[in-house]
Amino acid sequence: MHRILIALLAAFDALVAALVGLAVVLAPLTLLWTFTFGLTADWAGLWPTTARIWQLGNLVPLSLAFDEDAVVALGLPDEAATFTLTLAPLAFAVFAAFFAARSGRRAVRSGAGTVGVLAGIAMTAIIAAVVLATSGSELARVEAWQAVLLPTAVYAVGAAAGAWAEGWSEGDGGLADLVHERVDGWSSKWREIPTLAVRGGAVALAAVVGAAALAVVVAVLVRADAVVALFEQAQVDALGATAVALAQVAYLPTLIGWAVSWIAGPGFAVGAATTVSPAGTQLGVVPGIPMLGLLPEQGSGWLLLVALLPVAAGALAGWHVRSALAAEWEIERPEDEDHPSPHEPVSPRVVLAIAIAAIAGAGAAGIAALSSGSIGPGRLATVGPDPGPVALAVGLEVLVGAAILLLSPRPHGHAAGTADGAAVLADGDELARR
């Protein structure tokens, strides 16, 4: 009964996550449909639109096909009649993954992590299949397998990550404990490296994303006039402007992904043969989307200094793990009164710096991949950052910062001073795992 209850709660979590995502789309669409277009709310029109937006937010590509009347009415060229839309409003996927991680952690704390995670994944697959089956549309089509698999994968990654993190830190009676026991059997100078590498990589990546979010805030303050001008050119009423603003909020994580690439150096594209980077901006004609008013008009050699932000992120990660690493070694190898300098092997610190950089670079590549795609035909089929250069740039910059903090000499008293505190933390962790 205990496992059944956990499975039901996890399935309910997945149901709530999906319903919230769908409701966030359906509610403003209904208001827009009724008050701006002056039409009676029509489920046959509203639901397919809601479903497609939710699917796009969960990384499902949409194949758009306008008929001849729509092409003429919208003033589109013939080649724009059909194209694929893949640039996702990542707010939906971020919310689903966060909610799934929370559910996965709770399932592990309840003692049935695997059951809870599988139940949540199964419910998400069922919901995705129901949404697909009830939302046929001639305008926007999706591949059936993508419409079911990709939303399910988003939830599965979040749930598995949350369950593993909880199992690794608190114990899960299963795979995480088995791996933890194997790692605990390593020598004292290596056993903490995997944990600290993941922790340091997460700190570095979080710092880079935080710096990118700050860059977006600065862009809003500096380029507010351009954004307002694009809103005015759209000639929409208050409700329409609110709907456009909400749509851009859904794309805010995507924009932050662009900013990650920008501060790292490689920049991103807003169409084929375009570049937006600290070194310079080369743009042709871009869509009149207010959010794109935030793009800088030109680059500058001074702006290249923003590349120091990922270096600082690496330094922060190095500082975060260095004290814990040195203190752990002090616990295993108490100081000799005649030789008070701590013993810190070099090779584990080198491996740790490289691992932190690799994790941060891989995470940045994932962010770049998720925040790139197509928003239209022709040149607009290439939008966003290129994952390869972003991974290389972030990895190298984080490596420099982490290596400075991890490989530089430490004051003798500092490591000794942290040993007692780390011993208390280690005892507390051991009691918690028991």
# chains A, B, ... in the order shown; residues from 1 in each chain; ligands from 1
>>> residues_around(residues="Ala215 in chain A", least_positions_apart="4", cutoff="9 Å", atoms="only C-alpha atoms", output="ChimeraX atom specification")
/A:210-211,219-220,256,259-260,263
>>> select_by_dssp(residues="range 86-293 of chain A", states="alpha helix (DSSP H)", output="PyMOL selection string")
chain A and resi 91-109+113-133+144-170+175-184+193-222+224-234+238-250+252-264
>>> atom_distance(atom1="CA of Ala18 in chain A", atom2="CA of Phe98 in chain A")
12.3 Å
>>> select_by_dssp(residues="range 234-342 of chain A", states="strand (DSSP E)", output="list of chain:residue names")
A:Ala269, A:Val270, A:Thr275, A:Val276, A:Ser277, A:Gly280, A:Thr281, A:Gln282
>>> atom_distance(atom1="CA of Ala65 in chain A", atom2="CA of Leu22 in chain A")
23.2 Å
>>> residues_around(residues="Ala358 in chain A", least_positions_apart="6", cutoff="10 Å", atoms="only C-alpha atoms", output="PyMOL selection string")
chain A and resi 197-198+201+352+364+391-392+394-396+398-399
>>> atom_distance(atom1="CA of Leu149 in chain A", atom2="CA of Trp47 in chain A")
20.2 Å
>>> residues_around(residues="range 365-374 of chain A", least_positions_apart="2", cutoff="10 Å", atoms="only C-alpha atoms", output="PyMOL selection string")
chain A and resi 59+61-62+83-90+93+209+251+253-261+268-271+359-363+376-395
>>> residues_around(residues="Ala27 in chain A", least_positions_apart="5", cutoff="12 Å", atoms="only C-alpha atoms", output="PyMOL selection string")
chain A and resi 19-22+32-34+41+46-47+49-50+243+246
>>> closest_residue(among="A:Ala279, A:Val285, A:Ala133, A:Val94", to="Leu304 in chain A", atoms="only C-alpha atoms")
A:Ala279
>>> closest_residue(among="A:Ala273, A:Val350, A:Ala44, A:Ala14", to="Ser137 in chain A", atoms="only C-alpha atoms")
A:Ala44
>>> closest_residue(among="A:Val306, A:Ala403, A:Leu316, A:Leu15", to="Pro348 in chain A", atoms="only C-alpha atoms")
A:Ala403
>>> closest_residue(among="A:Leu303, A:Leu407, A:Ala245, A:Leu252", to="Val346 in chain A", atoms="only C-alpha atoms")
A:Leu407
>>> closest_residue(among="A:Ala353, A:Ala324, A:Ala101, A:Val244", to="Gly158 in chain A", atoms="only C-alpha atoms")
A:Ala101
